[in-house]
Amino acid sequence: MGVVNVTPDSFSDGGRWFEPGDAVTQGLRLAAQGADLVDVGGESTRPGAERPSVEEELRRVLPVVRELAAAGVTVSIDTMRADVAAQSLDNGASLVNDVSGGRADPGMLGVVADAEVPVVLMHWRGHSAHMQELAEYEDVVDDVRRELLARLDKALEAGIARDRIAIDPGLGFAKTGDHNWTLLAHLREIVDLGSPVLVAASRKAFLGRLLADPTTGEDRPPDGRDAATAVLSTMIALAGAWCVRVHEVPASLDAVRLATRWGIEVGEGRSVT
């Protein structure tokens, strides 16, 4: 899954793809490089980010979704809002990637069920402005598993078919760097829940902290984290995940190919339809 942030304040690219034409060009580039899905989002979810209005989010994403879908790209819409999801699906999106797991908007699961499209439900505890205040766990792996299972139950109750539901452990969302590393080390326990697993580790702050400059102590900037992201893509694939969400496709695509050649069936046959 290649990322297109149609936002002025993304942590990873700082608004580089904010203009619709630039975002479409980037989405086409990611697809040409081998992305199976291009994830279009109009709301930054970096820690501390403020939400745009629903009208502004629609203004950002709909032209991009429409043009990419018309060009034959398989588009996922990265949104927590039911109205944005519904209008994006009407304009050609094929999948909904809801980082709130359907919690932010009570209408989201109904939209997905009615449209009969796949959905990614991420582990989430609150909006970006205060989510890091919620990073308290008895056991982060057990707690995330339990809370993801609760979202799966809600999705099934809403009428979404089980084979159309993927899950995401939500690295960085109400989680410290140590929480992220623990979840990655125990990723098979998330995979063992039985749903396809999406992992979004690309360029995140916990990588920058690990790779900090040994002299200055400054975190490595986001665009210097792609090699580490590709290494993680290999490890995530070997753990049985279905998909990695990345900002740069080629190296992670190569990583998944290497993992497959190593003798592991990536995703263990689990996919969303």
# chains A, B, ... in the order shown; residues from 1 in each chain; ligands from 1
call {"tool": "residues_around", "arguments": {"residues": "stretch 152-162 of chain A", "least_positions_apart": "2", "cutoff": "12 Å", "atoms": "only C-alpha atoms", "output": "JSON, numbers by chain"}}
result
{"A": [98, 101, 102, 103, 106, 107, 108, 109, 110, 111, 112, 113, 114, 115, 116, 117, 118, 119, 120, 121, 122, 123, 145, 146, 147, 148, 149, 150, 164, 165, 166, 167, 168, 193, 194, 195, 196, 270, 271, 272, 273]}
call {"tool": "write_last_selection", "arguments": {"atoms": "N, CA and C atoms", "output": "short mmCIF file (atom, residue, chain, number, x, y, z; two decimals), in the first residue's frame"}}
result
data_model
loop_
_atom_site.label_atom_id
_atom_site.label_comp_id
_atom_site.auth_asym_id
_atom_site.auth_seq_id
_atom_site.Cartn_x
_atom_site.Cartn_y
_atom_site.Cartn_z
N ASP A 98 -9.77 2.91 7.88
CA ASP A 98 -10.22 3.76 8.98
C ASP A 98 -9.30 3.57 10.18
N GLY A 101 -10.77 2.51 13.49
CA GLY A 101 -11.45 1.22 13.62
C GLY A 101 -12.95 1.34 13.69
N GLY A 102 -13.50 2.42 13.13
CA GLY A 102 -14.94 2.62 13.17
C GLY A 102 -15.43 3.31 14.43
N ARG A 103 -14.53 3.78 15.27
CA ARG A 103 -14.92 4.39 16.54
C ARG A 103 -15.19 5.89 16.42
N PRO A 106 -19.86 6.92 14.16
CA PRO A 106 -20.73 5.75 14.31
C PRO A 106 -21.38 5.30 13.01
N GLY A 107 -21.34 6.14 11.98
CA GLY A 107 -21.92 5.75 10.70
C GLY A 107 -20.98 4.98 9.79
N MET A 108 -19.69 4.90 10.16
CA MET A 108 -18.71 4.32 9.24
C MET A 108 -18.97 2.85 8.92
N LEU A 109 -19.21 2.03 9.91
CA LEU A 109 -19.36 0.60 9.66
C LEU A 109 -20.59 0.32 8.79
N GLY A 110 -21.64 1.11 8.95
CA GLY A 110 -22.82 0.95 8.11
C GLY A 110 -22.54 1.30 6.66
N VAL A 111 -21.75 2.35 6.43
CA VAL A 111 -21.36 2.72 5.06
C VAL A 111 -20.60 1.58 4.41
N VAL A 112 -19.65 1.01 5.13
CA VAL A 112 -18.85 -0.09 4.58
C VAL A 112 -19.72 -1.31 4.30
N ALA A 113 -20.60 -1.63 5.24
CA ALA A 113 -21.48 -2.80 5.07
C ALA A 113 -22.38 -2.61 3.85
N ASP A 114 -22.97 -1.42 3.70
CA ASP A 114 -23.87 -1.18 2.58
C ASP A 114 -23.14 -1.23 1.24
N ALA A 115 -21.90 -0.74 1.23
CA ALA A 115 -21.13 -0.72 -0.02
C ALA A 115 -20.51 -2.07 -0.36
N GLU A 116 -20.45 -2.96 0.63
CA GLU A 116 -19.87 -4.30 0.44
C GLU A 116 -18.42 -4.20 -0.07
N VAL A 117 -17.64 -3.35 0.59
CA VAL A 117 -16.23 -3.19 0.24
C VAL A 117 -15.37 -3.62 1.42
N PRO A 118 -14.09 -3.89 1.18
CA PRO A 118 -13.20 -4.22 2.29
C PRO A 118 -12.92 -3.01 3.17
N VAL A 119 -12.54 -3.29 4.41
CA VAL A 119 -12.20 -2.23 5.35
C VAL A 119 -11.00 -2.66 6.18
N VAL A 120 -10.15 -1.69 6.52
CA VAL A 120 -9.07 -1.90 7.48
C VAL A 120 -9.46 -1.20 8.76
N LEU A 121 -9.48 -1.96 9.86
CA LEU A 121 -9.82 -1.43 11.18
C LEU A 121 -8.54 -1.38 12.01
N MET A 122 -8.14 -0.17 12.38
CA MET A 122 -6.91 -0.01 13.14
C MET A 122 -7.21 0.08 14.63
N HIS A 123 -6.24 -0.32 15.44
CA HIS A 123 -6.34 -0.12 16.89
C HIS A 123 -6.16 1.37 17.18
N ARG A 145 -4.74 -6.82 21.15
CA ARG A 145 -5.49 -7.96 20.63
C ARG A 145 -6.96 -7.90 21.07
N ARG A 146 -7.17 -7.67 22.36
CA ARG A 146 -8.53 -7.64 22.89
C ARG A 146 -9.35 -6.51 22.27
N GLU A 147 -8.73 -5.34 22.14
CA GLU A 147 -9.46 -4.19 21.61
C GLU A 147 -9.72 -4.34 20.11
N LEU A 148 -8.81 -4.98 19.38
CA LEU A 148 -9.06 -5.27 17.96
C LEU A 148 -10.19 -6.27 17.81
N LEU A 149 -10.22 -7.28 18.66
CA LEU A 149 -11.31 -8.27 18.59
C LEU A 149 -12.66 -7.60 18.84
N ALA A 150 -12.69 -6.62 19.73
CA ALA A 150 -13.94 -5.90 19.98
C ALA A 150 -14.39 -5.15 18.74
N ARG A 164 -13.97 -9.52 4.48
CA ARG A 164 -13.71 -8.17 3.98
C ARG A 164 -13.08 -7.27 5.06
N ILE A 165 -12.67 -7.88 6.16
CA ILE A 165 -12.13 -7.09 7.28
C ILE A 165 -10.66 -7.40 7.49
N ALA A 166 -9.83 -6.35 7.43
CA ALA A 166 -8.43 -6.44 7.82
C ALA A 166 -8.23 -5.63 9.09
N ILE A 167 -7.14 -5.90 9.80
CA ILE A 167 -6.86 -5.19 11.05
C ILE A 167 -5.44 -4.63 11.02
N ASP A 168 -5.22 -3.64 11.88
CA ASP A 168 -3.94 -2.92 11.92
C ASP A 168 -3.65 -2.64 13.39
N LEU A 193 -4.99 -13.74 15.11
CA LEU A 193 -6.40 -13.43 15.31
C LEU A 193 -7.25 -13.89 14.12
N GLY A 194 -6.59 -14.14 12.98
CA GLY A 194 -7.29 -14.74 11.84
C GLY A 194 -7.71 -13.80 10.74
N SER A 195 -7.48 -12.50 10.91
CA SER A 195 -7.80 -11.54 9.86
C SER A 195 -6.52 -11.07 9.19
N PRO A 196 -6.60 -10.63 7.92
CA PRO A 196 -5.43 -10.04 7.28
C PRO A 196 -4.93 -8.85 8.10
N ARG A 270 -4.10 -15.22 3.69
CA ARG A 270 -5.21 -14.39 4.14
C ARG A 270 -5.23 -13.10 3.34
N SER A 271 -6.38 -12.77 2.77
CA SER A 271 -6.53 -11.51 2.06
C SER A 271 -7.97 -11.06 2.18
N VAL A 272 -8.18 -9.77 1.91
CA VAL A 272 -9.55 -9.25 1.92
C VAL A 272 -10.07 -9.22 0.49
N THR A 273 -11.37 -9.43 0.34
CA THR A 273 -11.97 -9.52 -0.97
C THR A 273 -12.84 -8.32 -1.28
#
call {"tool": "select_by_dssp", "arguments": {"residues": "stretch 15-102 of chain A", "states": "helix (DSSP H, G or I)", "output": "MDAnalysis selection string"}}
result
chainID A and resid 20:32 54:70 82:90
call {"tool": "residues_around", "arguments": {"residues": "A:Ile236", "least_positions_apart": "4", "cutoff": "9 Å", "atoms": "only C-alpha atoms", "output": "PyMOL selection string"}}
result
chain A and resi 184+187+199+231-232+240-244+256
call {"tool": "write_last_selection", "arguments": {"atoms": "N, CA and C atoms", "output": "CSV table (one decimal), in the first residue's frame"}}
result
chain,number,residue,atom,x,y,z
A,184,LEU,N,5.7,-5.2,17.3
A,184,LEU,CA,6.3,-5.8,16.1
A,184,LEU,C,7.0,-7.1,16.5
A,187,LEU,N,4.2,-9.7,16.5
A,187,LEU,CA,3.2,-9.5,15.4
A,187,LEU,C,2.4,-10.8,15.1
A,199,VAL,N,0.3,-3.4,8.4
A,199,VAL,CA,1.2,-2.8,9.3
A,199,VAL,C,1.7,-1.5,8.7
A,231,VAL,N,13.6,-2.8,5.7
A,231,VAL,CA,14.1,-3.9,6.5
A,231,VAL,C,12.9,-4.4,7.3
A,232,LEU,N,12.1,-3.5,7.9
A,232,LEU,CA,11.0,-3.8,8.7
A,232,LEU,C,9.9,-4.5,7.8
A,240,GLY,N,3.9,-12.9,8.7
A,240,GLY,CA,2.6,-13.3,8.2
A,240,GLY,C,1.6,-12.2,7.9
A,241,ALA,N,2.1,-11.0,7.9
A,241,ALA,CA,1.2,-9.9,7.6
A,241,ALA,C,0.7,-9.9,6.2
A,242,TRP,N,-0.4,-9.3,5.9
A,242,TRP,CA,-1.0,-9.2,4.6
A,242,TRP,C,-0.5,-8.1,3.8
A,243,CYS,N,-0.2,-6.9,4.4
A,243,CYS,CA,0.2,-5.7,3.7
A,243,CYS,C,1.0,-4.8,4.5
A,244,VAL,N,1.9,-4.1,3.9
A,244,VAL,CA,2.7,-3.0,4.5
A,244,VAL,C,2.3,-1.7,3.8
A,256,VAL,N,9.5,-7.7,0.3
A,256,VAL,CA,8.4,-8.7,0.3
A,256,VAL,C,8.7,-9.8,-0.6
call {"tool": "residues_around", "arguments": {"residues": "A:Met80", "least_positions_apart": "3", "cutoff": "7 Å", "atoms": "only C-alpha atoms", "output": "count of residues only"}}
result
5
call {"tool": "closest_residue", "arguments": {"among": "A:Val6, A:Gly72, A:Ser44, A:Asp254", "to": "A:Ala32", "atoms": "only C-alpha atoms"}}
result
A:Gly72
call {"tool": "residues_around", "arguments": {"residues": "A:Leu62", "least_positions_apart": "6", "cutoff": "10 Å", "atoms": "only C-alpha atoms", "output": "mmCIF file with N, CA and C atoms, in the first residue's frame"}}
result
data_model
loop_
_atom_site.group_PDB
_atom_site.id
_atom_site.type_symbol
_atom_site.label_atom_id
_atom_site.label_comp_id
_atom_site.auth_asym_id
_atom_site.auth_seq_id
_atom_site.Cartn_x
_atom_site.Cartn_y
_atom_site.Cartn_z
ATOM 1 N N PRO A 20 -3.876 18.817 -5.601
ATOM 2 C CA PRO A 20 -4.452 17.613 -6.222
ATOM 3 C C PRO A 20 -3.623 17.056 -7.374
ATOM 4 N N VAL A 40 -5.192 7.146 -0.130
ATOM 5 C CA VAL A 40 -5.343 8.599 -0.225
ATOM 6 C C VAL A 40 -5.984 9.121 1.054
ATOM 7 N N GLY A 41 -5.301 10.046 1.716
ATOM 8 C CA GLY A 41 -5.836 10.591 2.958
ATOM 9 C C GLY A 41 -5.769 12.097 2.997
ATOM 10 N N GLY A 42 -6.796 12.735 3.564
ATOM 11 C CA GLY A 42 -6.861 14.180 3.642
ATOM 12 C C GLY A 42 -6.822 14.724 5.051
ATOM 13 N N LEU A 68 -7.330 9.036 -9.869
ATOM 14 C CA LEU A 68 -6.569 7.791 -9.754
ATOM 15 C C LEU A 68 -7.425 6.588 -10.123
ATOM 16 N N ILE A 77 -9.356 4.714 0.621
ATOM 17 C CA ILE A 77 -9.551 6.038 1.213
ATOM 18 C C ILE A 77 -9.244 5.959 2.700
ATOM 19 N N VAL A 84 -17.059 11.053 4.146
ATOM 20 C CA VAL A 84 -15.893 11.052 3.256
ATOM 21 C C VAL A 84 -15.707 9.667 2.636
ATOM 22 N N ALA A 85 -15.893 8.629 3.435
ATOM 23 C CA ALA A 85 -15.788 7.269 2.901
ATOM 24 C C ALA A 85 -16.843 7.030 1.824
ATOM 25 N N GLN A 87 -18.567 9.161 -0.076
ATOM 26 C CA GLN A 87 -18.359 9.919 -1.313
ATOM 27 C C GLN A 87 -17.117 9.444 -2.073
ATOM 28 N N SER A 88 -16.115 9.006 -1.356
ATOM 29 C CA SER A 88 -14.919 8.470 -2.017
ATOM 30 C C SER A 88 -15.236 7.163 -2.728
ATOM 31 N N LEU A 89 -16.033 6.314 -2.087
ATOM 32 C CA LEU A 89 -16.456 5.074 -2.739
ATOM 33 C C LEU A 89 -17.279 5.380 -3.986
ATOM 34 N N ASP A 90 -18.132 6.389 -3.917
ATOM 35 C CA ASP A 90 -18.917 6.794 -5.083
ATOM 36 C C ASP A 90 -18.030 7.310 -6.208
ATOM 37 N N ASN A 91 -16.848 7.805 -5.856
ATOM 38 C CA ASN A 91 -15.927 8.351 -6.849
ATOM 39 C C ASN A 91 -14.830 7.372 -7.249
ATOM 40 N N GLY A 92 -14.984 6.092 -6.856
ATOM 41 C CA GLY A 92 -14.085 5.076 -7.381
ATOM 42 C C GLY A 92 -13.181 4.377 -6.404
ATOM 43 N N ALA A 93 -13.158 4.796 -5.132
ATOM 44 C CA ALA A 93 -12.341 4.071 -4.148
ATOM 45 C C ALA A 93 -12.868 2.651 -3.976
#
